[in-house]
Amino acid sequence: MQWATSAMKSNVFHGWWMVAGCMAIATVAWSFGLYGPSVYLHTISDMHDWSIGLVSSALTLAFLVNASVLSFVGSAISKYGPQRVMALGATVMASGFIAMGGISQVWHVYACFALMGLGWSCLSTTAITSSLAPWFDRHQGRAVSTAMLGASIGGMVGVPVLLLLIGWLGFSHAMLIVALIVLATVWPISFFILRRRPQDLGLLPDGIAAADSTRPTTARTWTRSAALSTTALRTVTLAFGFALMVQIGFLTHQVSLLLPAIGASATALCVTIAAVLAFFGRILLARFSDHLDVRLIACGVLINAAISLSLGALFHDYTWALIIAVLGFGLSAGNITTLPPLIVRREFGAASFGIIFGIAAMLMQLMSSLGPAFFGVLYDLSGGYQLPLGLAAGLNFFAAFVIMRGRHTSIKEIS
């Protein structure tokens with residue numbers, strides 16, 4: 001506690017300590033909650049001789065559980081602060097991991113994955129952006145993008161760490177270690193770093209002293225229904241619902257896309273480079289998002305993803321086209337996750353951010369959960385990835401149009 005007190009009294013604005021804490025939380029949450037399931041799926045199926053489809057259906061349940069509670073997570077953080085919400089989320093997620101190590105019946109898989117999805121909702125993009133929303137105004141783009149670098153780090157380290165632990169300790173003991181890592185990371189940050197709002201420390205967003213500020217301290221508050229009635233929120237939800245559906249579907253199938261063409265080693269290298277490009281894409285967003293129109297940035301990101309997928313569809317018989325499709329999409333992947341809260345925060349303000357983005361995130365997550373099935377069904381129907389890649393590209397071009405459609409009406413509606 002003494003360390004935390006001294007940190008808050010230092011010359012560094014406490015909001016940046018919040019960013020650092022959220023980055024660490026994002027690293028463990030994405031490592032074990034988003035990228036880890038590919039390892040759990042394979043390991044559980046192999047251990048118990050259950051079909052991949054059966055175990056995959058439990059993963060779908062995890063996504064649906066996650067989506068169903070996101071609106072409540074945003075509201076709870078706005079009302080009570082992130083400390084309790086994230087500490088509780090870590091506890092639930094860790095419980096799911098510990099139970100996962102003792103699976104012996106099929107229904108255990110569903111229960112464990114549901115706990116994982118429920119816990120991850122409290123550590124997700126919605127949770128992190130709702131935690132940071134009150135702390136930044138001018139620098140909100142840099143703050144959120146920096147915190148979300150943890151998601152890219154999780155994409156680079158999560159699977160290798162899990163495979164190392166499982167190979168060294170076995171699945172049951174490895175999942176116990178994973179649970180301890182989650183708790184040892186999230187609990188101290190929740191109790192000693194996270195705070196509800198800067199006003200509790202006598203500050204305003206961006207570290208401005210309350211006594212020195214001439215800015216008005218009141219902001220418009222929104223209800224869910226009022227926000228959903230605006231074209232601004234509807235266009236963000238629709239555009240990124242489709243974009244995230246494509247993203248989750250493509251990331252789920254990219255190994256299957258590459259493996260027959262370039263082999264296992266080259267596929268692993270290509271996927272790793274794509275994750276590194278996602279990391280650098282987030283760095284670029286952190287650098288420029290506070291100075292540019294975030295809807296214009298979003299349009300560019302979505303068009304880049306669409307062009308990458310189009311190359312894979314049009315030249316699917318060429319290895320170079322598949323590699324460029326994966327790497328080009330990787331450059332956009334991180335920002336497709338980060339941009340929706342940035343747009344909502346900039347257009348609707350901080351006062352009702354948790355409520356507004358919570359409901360938008362829930363709807364987007366429900367759409368995105370269809371992604372793996374979208375690619376899988378189209379692959380089965382057509383006998384290849386040309387059709388799903390082409391339709392996915394079309395959806396991203398449509399999403400870019402929708403996001404710009406909202407740009408022309410958001411100022412008038414929200415002012």
# chains A, B, ... in the order shown; residues from 1 in each chain; ligands from 1
>>> select_by_dssp(residues="region 178-293 of chain A", states="helix (DSSP H, G or I)", output="VMD selection string")
chain A and resid 178 to 192 198 to 201 205 to 207 210 to 212 224 to 228 231 to 288
>>> residues_around(residues="Gly241 (chain A)", least_positions_apart="2", cutoff="10 Å", atoms="only C-alpha atoms", output="list of chain:residue names")
A:Thr235, A:Val236, A:Thr237, A:Leu238, A:Ala239, A:Ala243, A:Leu244, A:Met245, A:Val246, A:Gln247, A:Pro340, A:Ala360, A:Ala361, A:Met362, A:Leu363, A:Met364, A:Gln365, A:Leu366, A:Met367, A:Ser368, A:Ser369, A:Ala399
>>> residues_around(residues="Gly249 (chain A)", least_positions_apart="6", cutoff="12 Å", atoms="only C-alpha atoms", output="count of residues only")
24
>>> residues_around(residues="region 108-124 of chain A", least_positions_apart="5", cutoff="7 Å", atoms="only C-alpha atoms", output="list in words")
Ile25, Ala26, Ala29, Gly33, Ala58, Leu59, Leu61, Ala62, Phe63, Val65, Asn66, Val69, Leu70, Val73, Val85, Met86, Gly89, Ala90, Val92, Met93, Gly96, Phe97, Ala99, Met100 and Ile103 of chain A
>>> write_last_selection(atoms="N, CA and C atoms", output="PDB file, in the first residue's frame")
ATOM      1  N   ILE A  25      -2.833  -6.286 -17.427  1.00  0.00           N
ATOM      2  CA  ILE A  25      -4.053  -7.100 -17.352  1.00  0.00           C
ATOM      3  C   ILE A  25      -4.439  -7.622 -18.731  1.00  0.00           C
ATOM      4  N   ALA A  26      -4.346  -6.758 -19.754  1.00  0.00           N
ATOM      5  CA  ALA A  26      -4.670  -7.190 -21.116  1.00  0.00           C
ATOM      6  C   ALA A  26      -3.740  -8.310 -21.572  1.00  0.00           C
ATOM      7  N   ALA A  29      -4.979 -11.497 -19.886  1.00  0.00           N
ATOM      8  CA  ALA A  29      -6.347 -11.811 -20.308  1.00  0.00           C
ATOM      9  C   ALA A  29      -6.370 -12.339 -21.734  1.00  0.00           C
ATOM     10  N   GLY A  33      -7.166 -16.015 -22.232  1.00  0.00           N
ATOM     11  CA  GLY A  33      -8.604 -15.976 -22.447  1.00  0.00           C
ATOM     12  C   GLY A  33      -9.014 -15.966 -23.906  1.00  0.00           C
ATOM     13  N   ALA A  58     -18.198 -25.700 -26.968  1.00  0.00           N
ATOM     14  CA  ALA A  58     -18.025 -25.106 -25.640  1.00  0.00           C
ATOM     15  C   ALA A  58     -17.338 -23.752 -25.744  1.00  0.00           C
ATOM     16  N   LEU A  59     -16.426 -23.614 -26.711  1.00  0.00           N
ATOM     17  CA  LEU A  59     -15.772 -22.322 -26.926  1.00  0.00           C
ATOM     18  C   LEU A  59     -16.772 -21.286 -27.431  1.00  0.00           C
ATOM     19  N   LEU A  61     -19.859 -21.244 -26.611  1.00  0.00           N
ATOM     20  CA  LEU A  61     -20.583 -20.868 -25.396  1.00  0.00           C
ATOM     21  C   LEU A  61     -19.821 -19.812 -24.621  1.00  0.00           C
ATOM     22  N   ALA A  62     -18.499 -19.944 -24.545  1.00  0.00           N
ATOM     23  CA  ALA A  62     -17.692 -18.955 -23.828  1.00  0.00           C
ATOM     24  C   ALA A  62     -17.847 -17.573 -24.450  1.00  0.00           C
ATOM     25  N   PHE A  63     -17.828 -17.495 -25.792  1.00  0.00           N
ATOM     26  CA  PHE A  63     -18.006 -16.215 -26.468  1.00  0.00           C
ATOM     27  C   PHE A  63     -19.397 -15.640 -26.196  1.00  0.00           C
ATOM     28  N   VAL A  65     -21.388 -16.244 -23.558  1.00  0.00           N
ATOM     29  CA  VAL A  65     -21.438 -15.799 -22.164  1.00  0.00           C
ATOM     30  C   VAL A  65     -20.740 -14.455 -22.029  1.00  0.00           C
ATOM     31  N   ASN A  66     -19.577 -14.346 -22.657  1.00  0.00           N
ATOM     32  CA  ASN A  66     -18.838 -13.083 -22.629  1.00  0.00           C
ATOM     33  C   ASN A  66     -19.677 -11.936 -23.177  1.00  0.00           C
ATOM     34  N   VAL A  69     -22.789 -10.431 -20.982  1.00  0.00           N
ATOM     35  CA  VAL A  69     -22.603  -9.646 -19.755  1.00  0.00           C
ATOM     36  C   VAL A  69     -21.812  -8.368 -19.970  1.00  0.00           C
ATOM     37  N   LEU A  70     -21.357  -8.099 -21.204  1.00  0.00           N
ATOM     38  CA  LEU A  70     -20.502  -6.928 -21.420  1.00  0.00           C
ATOM     39  C   LEU A  70     -21.184  -5.626 -21.059  1.00  0.00           C
ATOM     40  N   VAL A  73     -20.888  -5.153 -17.423  1.00  0.00           N
ATOM     41  CA  VAL A  73     -19.518  -4.848 -17.012  1.00  0.00           C
ATOM     42  C   VAL A  73     -19.239  -3.354 -17.156  1.00  0.00           C
ATOM     43  N   VAL A  85     -14.513  -5.012 -10.057  1.00  0.00           N
ATOM     44  CA  VAL A  85     -14.933  -5.740 -11.254  1.00  0.00           C
ATOM     45  C   VAL A  85     -13.787  -6.592 -11.793  1.00  0.00           C
ATOM     46  N   MET A  86     -12.598  -6.000 -11.912  1.00  0.00           N
ATOM     47  CA  MET A  86     -11.473  -6.755 -12.469  1.00  0.00           C
ATOM     48  C   MET A  86     -10.965  -7.821 -11.506  1.00  0.00           C
ATOM     49  N   GLY A  89     -13.410 -10.598 -11.869  1.00  0.00           N
ATOM     50  CA  GLY A  89     -13.222 -11.267 -13.148  1.00  0.00           C
ATOM     51  C   GLY A  89     -12.032 -12.209 -13.135  1.00  0.00           C
ATOM     52  N   ALA A  90     -10.931 -11.760 -12.532  1.00  0.00           N
ATOM     53  CA  ALA A  90      -9.741 -12.611 -12.431  1.00  0.00           C
ATOM     54  C   ALA A  90     -10.030 -13.859 -11.609  1.00  0.00           C
ATOM     55  N   VAL A  92     -12.963 -15.382 -11.178  1.00  0.00           N
ATOM     56  CA  VAL A  92     -13.831 -16.290 -11.944  1.00  0.00           C
ATOM     57  C   VAL A  92     -13.036 -16.990 -13.044  1.00  0.00           C
ATOM     58  N   MET A  93     -12.207 -16.217 -13.772  1.00  0.00           N
ATOM     59  CA  MET A  93     -11.408 -16.810 -14.842  1.00  0.00           C
ATOM     60  C   MET A  93     -10.446 -17.860 -14.275  1.00  0.00           C
ATOM     61  N   GLY A  96     -12.152 -21.068 -13.543  1.00  0.00           N
ATOM     62  CA  GLY A  96     -12.377 -21.852 -14.754  1.00  0.00           C
ATOM     63  C   GLY A  96     -11.134 -22.608 -15.185  1.00  0.00           C
ATOM     64  N   PHE A  97      -9.964 -21.974 -15.082  1.00  0.00           N
ATOM     65  CA  PHE A  97      -8.722 -22.636 -15.466  1.00  0.00           C
ATOM     66  C   PHE A  97      -8.392 -23.806 -14.534  1.00  0.00           C
ATOM     67  N   ALA A  99     -10.497 -25.555 -12.741  1.00  0.00           N
ATOM     68  CA  ALA A  99     -11.456 -26.631 -13.017  1.00  0.00           C
ATOM     69  C   ALA A  99     -11.143 -27.329 -14.335  1.00  0.00           C
ATOM     70  N   MET A 100     -10.610 -26.580 -15.304  1.00  0.00           N
ATOM     71  CA  MET A 100     -10.294 -27.152 -16.608  1.00  0.00           C
ATOM     72  C   MET A 100      -9.257 -28.270 -16.487  1.00  0.00           C
ATOM     73  N   ILE A 103     -10.998 -31.793 -15.819  1.00  0.00           N
ATOM     74  CA  ILE A 103     -12.125 -32.222 -16.655  1.00  0.00           C
ATOM     75  C   ILE A 103     -12.143 -33.743 -16.826  1.00  0.00           C
TER      76      ILE A 103
END
>>> atom_distance(atom1="CA of Gly281 (chain A)", atom2="CA of Leu331 (chain A)")
5.4 Å
>>> closest_residue(among="A:Pro205, A:Gly334, A:Gly349, A:Gly390", to="Trp16 (chain A)", atoms="only C-alpha atoms")
A:Pro205
>>> closest_residue(among="A:Phe398, A:Trp30, A:Phe13, A:Trp168", to="Val182 (chain A)", atoms="only C-alpha atoms")
A:Trp30
>>> closest_residue(among="A:Phe32, A:Phe250, A:Trp17, A:Trp50", to="Ala147 (chain A)", atoms="only C-alpha atoms")
A:Trp17
>>> residues_around(residues="Ile355 (chain A)", least_positions_apart="4", cutoff="8 Å", atoms="only C-alpha atoms", output="NGL selection string")
:A and (71-72 or 74-75 or 78 or 223-224 or 359)
>>> write_last_selection(atoms="C-alpha atoms", output="short mmCIF file (atom, residue, chain, number, x, y, z; two decimals), in the first residue's frame")
data_model
loop_
_atom_site.label_atom_id
_atom_site.label_comp_id
_atom_site.auth_asym_id
_atom_site.auth_seq_id
_atom_site.Cartn_x
_atom_site.Cartn_y
_atom_site.Cartn_z
CA SER A 71 -23.17 -4.25 -21.03
CA PHE A 72 -23.32 -4.95 -17.29
CA GLY A 74 -19.37 -1.36 -18.51
CA SER A 75 -22.16 -0.13 -16.22
CA SER A 78 -18.87 3.31 -14.35
CA THR A 223 -29.25 6.23 -21.51
CA ARG A 224 -28.78 3.05 -23.52
CA ILE A 359 -24.23 -2.31 -24.89
#
>>> atom_distance(atom1="CA of Leu176 (chain A)", atom2="CA of Ile98 (chain A)")
5.2 Å
>>> closest_residue(among="A:Val28, A:Phe136, A:Ser172, A:Leu233", to="Ile44 (chain A)", atoms="only C-alpha atoms")
A:Ser172
>>> atom_distance(atom1="CA of Pro160 (chain A)", atom2="CA of His253 (chain A)")
18.6 Å
>>> residues_around(residues="Gly141 (chain A)", least_positions_apart="6", cutoff="10 Å", atoms="only C-alpha atoms", output="list in words")
Leu285, Ala286, Arg287, Phe288, Ser289, Asp290, His291, Leu292, Val294, Thr338, Leu339, Pro341, Leu342, Ile343, Arg345 and Arg346 of chain A
>>> write_last_selection(atoms="N, CA, C and O atoms", output="short mmCIF file (atom, residue, chain, number, x, y, z; two decimals), in the first residue's frame")
data_model
loop_
_atom_site.label_atom_id
_atom_site.label_comp_id
_atom_site.auth_asym_id
_atom_site.auth_seq_id
_atom_site.Cartn_x
_atom_site.Cartn_y
_atom_site.Cartn_z
N LEU A 285 -1.40 3.73 -34.05
CA LEU A 285 -2.66 4.31 -33.61
C LEU A 285 -2.45 5.17 -32.37
O LEU A 285 -3.02 6.27 -32.25
N ALA A 286 -1.63 4.69 -31.43
CA ALA A 286 -1.34 5.47 -30.23
C ALA A 286 -0.67 6.79 -30.58
O ALA A 286 -0.90 7.81 -29.92
N ARG A 287 0.16 6.77 -31.61
CA ARG A 287 0.90 7.97 -31.99
C ARG A 287 0.02 9.02 -32.65
O ARG A 287 0.17 10.23 -32.40
N PHE A 288 -0.94 8.61 -33.46
CA PHE A 288 -1.66 9.58 -34.30
C PHE A 288 -3.14 9.75 -33.96
O PHE A 288 -3.76 10.71 -34.42
N SER A 289 -3.73 8.88 -33.16
CA SER A 289 -5.19 8.90 -33.00
C SER A 289 -5.70 10.16 -32.31
O SER A 289 -6.85 10.56 -32.53
N ASP A 290 -4.90 10.78 -31.45
CA ASP A 290 -5.37 11.98 -30.74
C ASP A 290 -5.36 13.22 -31.63
O ASP A 290 -5.91 14.25 -31.25
N HIS A 291 -4.74 13.13 -32.80
CA HIS A 291 -4.60 14.30 -33.66
C HIS A 291 -5.40 14.19 -34.95
O HIS A 291 -5.44 15.14 -35.73
N LEU A 292 -6.01 13.03 -35.20
CA LEU A 292 -6.72 12.81 -36.45
C LEU A 292 -8.15 12.35 -36.17
O LEU A 292 -8.48 11.95 -35.06
N VAL A 294 -10.80 9.85 -35.89
CA VAL A 294 -10.69 8.40 -35.69
C VAL A 294 -11.59 7.63 -36.65
O VAL A 294 -11.32 6.46 -36.95
N THR A 338 -9.37 -2.00 -31.16
CA THR A 338 -9.13 -0.80 -30.36
C THR A 338 -9.97 0.39 -30.79
O THR A 338 -10.35 1.23 -29.97
N LEU A 339 -10.29 0.49 -32.07
CA LEU A 339 -10.96 1.69 -32.58
C LEU A 339 -12.39 1.91 -32.09
O LEU A 339 -12.77 3.07 -31.85
N PRO A 341 -13.99 1.57 -29.13
CA PRO A 341 -14.09 2.39 -27.92
C PRO A 341 -13.54 3.79 -28.10
O PRO A 341 -14.03 4.74 -27.46
N LEU A 342 -12.52 3.96 -28.95
CA LEU A 342 -11.99 5.31 -29.18
C LEU A 342 -13.04 6.20 -29.83
O LEU A 342 -13.21 7.37 -29.44
N ILE A 343 -13.75 5.67 -30.81
CA ILE A 343 -14.78 6.46 -31.49
C ILE A 343 -15.91 6.80 -30.52
O ILE A 343 -16.36 7.95 -30.44
N ARG A 345 -15.87 6.91 -27.22
CA ARG A 345 -15.40 7.83 -26.17
C ARG A 345 -15.29 9.25 -26.70
O ARG A 345 -15.68 10.21 -26.02
N ARG A 346 -14.79 9.42 -27.92
CA ARG A 346 -14.63 10.77 -28.47
C ARG A 346 -15.97 11.40 -28.80
O ARG A 346 -16.16 12.60 -28.59
#
>>> closest_residue(among="A:Ala143, A:Val157, A:Leu284, A:Ala325", to="Asp206 (chain A)", atoms="only C-alpha atoms")
A:Ala143
>>> closest_residue(among="A:Ala87, A:Val159, A:Val402, A:Leu165", to="Cys299 (chain A)", atoms="only C-alpha atoms")
A:Val402
